[in-house]
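Chemist: The following block contains the structure, expressed as structure tokens.
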There are 2 protein chains.
Amino acid sequence: MKTESTVRSTTREPLSRERILAAAVALADREGVDALSMRRVAQELGVVPMALYKHLENKEELLGGMLDVVVGEIDAARTDTDWKTAVRERILSARAALLRHPWASRVMETRTEPTPTVMGYMDSMIEMFRAGGFSIDLTHHVMHAMGSRLMGFSQELFNDQSDADPQMDAETFTAMSATYPRIYELFLAVSHDEASVVGPGCDDRFEFEFALDLMLDGLQRHKDREQA
Amino acid sequence: MKTESTVRSTTREPLSRERILAAAVALADREGVDALSMRRVAQELGVVPMALYKHLENKEELLGGMLDVVVGEIDAARTDTDWKTAVRERILSARAALLRHPWASRVMETRTEPTPTVMGYMDSMIEMFRAGGFSIDLTHHVMHAMGSRLMGFSQELFNDQSDADPQMDAETFTAMSATYPRIYELFLAVSHDEASVVGPGCDDRFEFEFALDLMLDGLQRHKDREQA
DNA sequence: CAGGCTACGTGTACGGCGTACACTTGTCAA
DNA sequence: TTGACAAGTGTACGCCGTACACGTAGCCTG
């Protein structure tokens, strides 16, 4: 029947770059970036893998597009405060976006070329520092020094202590004290410290802001010295 | 002939974890980490892929072992100076090791669990701060704040401007000035600045040390405040 | 010296990946 | 009606990591 086939074809709404990216982001949020393959995304959309290639060059472009979605969630820059507050808040907004999409920082690290969206974000970040009175040279160094922190993340070397905690039995615990006495000592102190908070482990937000403020304060001093 | 086969079998010296790791590191140094597959490493050693699995659990362990090789190249901690000098020099030594093996930082970012070797390195790093008079709490924050910088690297968002430079034609250049005026301005200033150095682009070492000192100075201040 | 155990290297095979390329099909303008 | 064009399909290729069964050579014990 003509009508039915027409109905069916209009019922299944057509693919588009946006629909693909949304599905991919949702999949990565739900099952992690390791589960994200062209084939899997296609399956999620009820479509054959090669169909994606009508809207995307390749997987690289898919990943880039997904990052653009995340970057798009970062708040715009405030213009009604001093540079430090504005930068600080924006970076925390970026961090919040990355926390909603935990795969994003890892994908970002992997890529070599930034997308136009990311470039735009960097551009507006530069603008914030320049508007705050930073010289071109200092701003340049700042951008390097801040690095990925501008995007709201910093790579921790062992990021997963919250995971290892509960299953750590007494045996490995004491073994650790012999092999890595300093780490053990730190670990012990932190566990005690945070007894009031839910469970042991570090307060990630505090640690991030500690490091962020360390940098911002240092930059402030550099700027003041430069202008003096 | 018995003798010949005996000779042959002794001529081809047996595989070992060390030989495999060395071959893998050499391969990654030469052709990049993307070219590194179990099959490729095996081929490099004139052996069938599955042979590697007699000495290694899986590819994860191969990567971990490769990182251990790199970490093993980092100088030991000096004990004859103040904490800041000692930490600074050691981190720069780590950076030098990573520059010799450009794939290493990316591999490190990828992994979740640190190897015992890396744990040992972290332990000794903690020791340096503690010996320098940092409290346990502050040391803890320091470790988080320093993050991957402790291992001698920091992730830059667009790490490859030196590559894009030469082939950038006038057209894209002016297009950039319209789309990303602030990046353009920065770029222009930097290019001018470094005319004395060989070619344009940034002095990576300077940028790394700028950020490192920014952190170390900030930490110094924290420590002094704490002790006051 | 015989026999078997063990450590090490081999061969084959499986399921998954990204994606090239040739094909159908559905839509709409001329 | 037709025929061009865009969107989705199907098949296939060459990679990947690695499970598993199989030799085989060397040593240890009887």
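The chains in the structure tokens are called A, B, ... from first to last as shown; in each chain the residues are counted from 1, and the ligands are counted from 1 in the order shown.
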Excluding region 19-26 of chain C and any residue of its chain fewer than 6 positions from it, enumerate the residues within 8 Å of it, using only C-alpha atoms (C1' of nucleotides), and give them as a PyMOL selection string.

Modeler: (chain A and resi 50) or (chain D and resi 9-10)

Chemist: As a VMD selection string, could you give me every residue of chain B near chain D (at most 9 Å apart, counting only C-alpha atoms (C1' of nucleotides))?

Modeler: chain B and resid 37 to 39 50 53 58 to 59

Chemist: At a cut-off of 7 Å, list the chain B residues touching chain A, using only C-alpha atoms, as an MDAnalysis selection string.

Modeler: chainID B and resid 112:114 120 123 126:127 136 140:141 144:145 147:148 155:159 180 182:183 186 207 211 214:215 218

Chemist: Using DSSP secondary structure from the backbone, list all helix (DSSP H, G or I) positions within region 48-192 of chain A, as a compact mmCIF listing (two decimals) with C-alpha atoms, in the first residue's frame.

Modeler:
# COMPACT_ATOMS: atom_id res chain seq x y z
CA PRO A 49 26.49 1.72 10.26
CA MET A 50 27.37 3.18 6.90
CA ALA A 51 24.35 5.48 7.05
CA LEU A 52 26.26 7.68 9.49
CA TYR A 53 28.86 8.41 6.86
CA LYS A 54 26.32 10.34 4.84
CA LYS A 59 34.72 8.80 13.57
CA GLU A 60 37.06 11.70 14.31
CA GLU A 61 34.35 14.08 13.21
CA LEU A 62 31.85 12.27 15.39
CA LEU A 63 34.08 12.75 18.43
CA GLY A 64 34.70 16.38 17.53
CA GLY A 65 30.98 16.98 17.21
CA MET A 66 30.35 15.35 20.56
CA LEU A 67 32.88 17.65 22.19
CA ASP A 68 31.19 20.61 20.57
CA VAL A 69 27.97 19.58 22.24
CA VAL A 70 29.72 19.59 25.60
CA VAL A 71 31.47 22.90 25.00
CA TRP A 83 38.49 39.13 35.43
CA LYS A 84 39.30 36.69 38.19
CA THR A 85 35.73 36.09 39.25
CA ALA A 86 34.59 35.84 35.65
CA VAL A 87 37.31 33.40 34.67
CA ARG A 88 36.83 31.37 37.80
CA GLU A 89 33.11 31.01 37.35
CA ARG A 90 33.38 30.16 33.72
CA ILE A 91 35.94 27.47 34.33
CA LEU A 92 33.76 25.99 37.04
CA SER A 93 30.91 26.01 34.57
CA ALA A 94 33.12 24.12 32.14
CA ARG A 95 33.96 21.69 34.88
CA ALA A 96 30.29 21.14 35.58
CA ALA A 97 29.72 20.34 31.91
CA LEU A 98 32.58 17.83 31.97
CA LEU A 99 31.16 16.21 35.09
CA ARG A 100 27.91 15.69 33.24
CA ALA A 104 34.65 14.26 27.41
CA SER A 105 37.98 15.06 29.04
CA ARG A 106 39.49 11.80 27.88
CA VAL A 107 38.28 12.38 24.33
CA MET A 108 39.68 15.89 24.46
CA GLU A 109 43.10 14.64 25.49
CA THR A 110 43.09 12.24 22.59
CA PRO A 116 36.02 25.64 15.46
CA THR A 117 33.75 25.56 18.49
CA VAL A 118 36.69 24.87 20.78
CA MET A 119 38.69 27.56 19.03
CA GLY A 120 35.84 29.98 19.66
CA TYR A 121 35.83 29.08 23.32
CA MET A 122 39.57 29.64 23.57
CA ASP A 123 39.19 32.95 21.78
CA SER A 124 36.62 34.15 24.26
CA MET A 125 38.84 32.98 27.11
CA ILE A 126 41.69 35.04 25.78
CA GLU A 127 39.34 37.97 25.57
CA MET A 128 38.54 37.64 29.27
CA PHE A 129 42.17 37.94 30.24
CA ARG A 130 42.86 40.78 27.86
CA ALA A 131 39.81 42.66 29.10
CA ILE A 136 49.45 39.99 25.14
CA ASP A 137 52.61 38.28 26.22
CA LEU A 138 51.38 37.42 29.67
CA THR A 139 48.08 36.22 28.26
CA HIS A 140 49.97 33.92 25.98
CA HIS A 141 51.84 32.36 28.87
CA VAL A 142 48.63 32.17 30.83
CA MET A 143 46.94 30.15 28.14
CA HIS A 144 49.77 27.64 28.18
CA ALA A 145 49.99 27.53 31.94
CA MET A 146 46.28 26.98 32.41
CA GLY A 147 46.20 24.33 29.72
CA SER A 148 43.30 21.96 30.07
CA ARG A 149 42.17 23.71 33.22
CA LEU A 150 40.67 26.30 30.91
CA MET A 151 38.35 23.57 29.72
CA GLN A 161 40.87 6.09 44.45
CA SER A 162 37.19 6.34 45.29
CA ASP A 163 36.72 3.12 43.40
CA ALA A 164 39.57 1.24 45.02
CA ASP A 165 38.64 2.26 48.54
CA PRO A 166 35.77 0.02 49.50
CA GLN A 167 37.29 -3.19 48.26
CA ALA A 170 43.32 -4.98 55.50
CA GLU A 171 46.02 -7.12 53.96
CA THR A 172 46.75 -4.98 50.93
CA PHE A 173 46.37 -1.99 53.18
CA THR A 174 49.24 -2.96 55.45
CA ALA A 175 51.25 -4.19 52.49
CA MET A 176 50.87 -0.70 51.09
CA SER A 177 52.21 0.85 54.25
CA ALA A 178 55.44 -1.08 53.73
CA THR A 179 55.83 -0.45 50.01
CA PRO A 181 54.83 4.55 53.23
CA ARG A 182 54.27 8.14 52.14
CA ILE A 183 51.23 7.38 50.05
CA TYR A 184 49.91 5.30 52.89
CA GLU A 185 50.39 8.11 55.35
CA LEU A 186 48.60 10.55 53.08
CA PHE A 187 45.83 8.13 52.44
CA LEU A 188 45.33 7.53 56.12
CA ALA A 189 45.23 11.22 56.93
CA VAL A 190 42.72 11.93 54.19
CA SER A 191 40.44 9.06 55.19
CA HIS A 192 40.33 10.35 58.75

Chemist: Listing only residues of chain C within 8 Å of chain B, what is the closest atom pair and its distance in Å (to one decimal) for each, using only C-alpha atoms (C1' of nucleotides), sorted by chain and residue number ascending, as a tab-separated table?

Modeler:
residue	atom	partner	partner_atom	distance
C:DC8	C1'	B:Lys54	CA	7.2
C:DG9	C1'	B:Ala51	CA	5.8
C:DT10	C1'	B:Val48	CA	7.0

Chemist: Keeping only N, CA and C atoms (P, O5', C5', C4', C3', O3' and C1' of nucleotides), take the residues you just selected and write them out as an mmCIF file, in the first residue's frame.

Modeler:
data_model
loop_
_atom_site.group_PDB
_atom_site.id
_atom_site.type_symbol
_atom_site.label_atom_id
_atom_site.label_comp_id
_atom_site.auth_asym_id
_atom_site.auth_seq_id
_atom_site.Cartn_x
_atom_site.Cartn_y
_atom_site.Cartn_z
ATOM 1 P P DC C 8 59.127 -19.737 30.265
ATOM 2 O "O5'" DC C 8 58.938 -19.948 28.696
ATOM 3 C "C5'" DC C 8 60.048 -20.415 27.955
ATOM 4 C "C4'" DC C 8 59.583 -20.746 26.558
ATOM 5 C "C3'" DC C 8 58.941 -19.559 25.828
ATOM 6 O "O3'" DC C 8 59.690 -19.340 24.650
ATOM 7 C "C1'" DC C 8 57.675 -21.528 25.537
ATOM 8 P P DG C 9 59.636 -17.964 23.867
ATOM 9 O "O5'" DG C 9 58.901 -18.402 22.522
ATOM 10 C "C5'" DG C 9 59.632 -19.167 21.560
ATOM 11 C "C4'" DG C 9 58.660 -19.901 20.679
ATOM 12 C "C3'" DG C 9 57.785 -18.995 19.794
ATOM 13 O "O3'" DG C 9 58.024 -19.319 18.420
ATOM 14 C "C1'" DG C 9 56.508 -20.706 20.850
ATOM 15 P P DT C 10 57.106 -18.760 17.275
ATOM 16 O "O5'" DT C 10 55.952 -19.851 17.172
ATOM 17 C "C5'" DT C 10 56.269 -21.164 16.769
ATOM 18 C "C4'" DT C 10 55.027 -21.884 16.287
ATOM 19 C "C3'" DT C 10 54.216 -21.149 15.219
ATOM 20 O "O3'" DT C 10 54.012 -22.039 14.145
ATOM 21 C "C1'" DT C 10 52.810 -21.819 17.001
#

Chemist: Rounded to one decimal, what separation in Å do you get between CA of Glu44 (chain A) and CA of Leu27 (chain A)?

Modeler: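 Atom-to-atom, CA of Glu44 (chain A) and CA of Leu27 (chain A) are spaced 8.1 Å apart.
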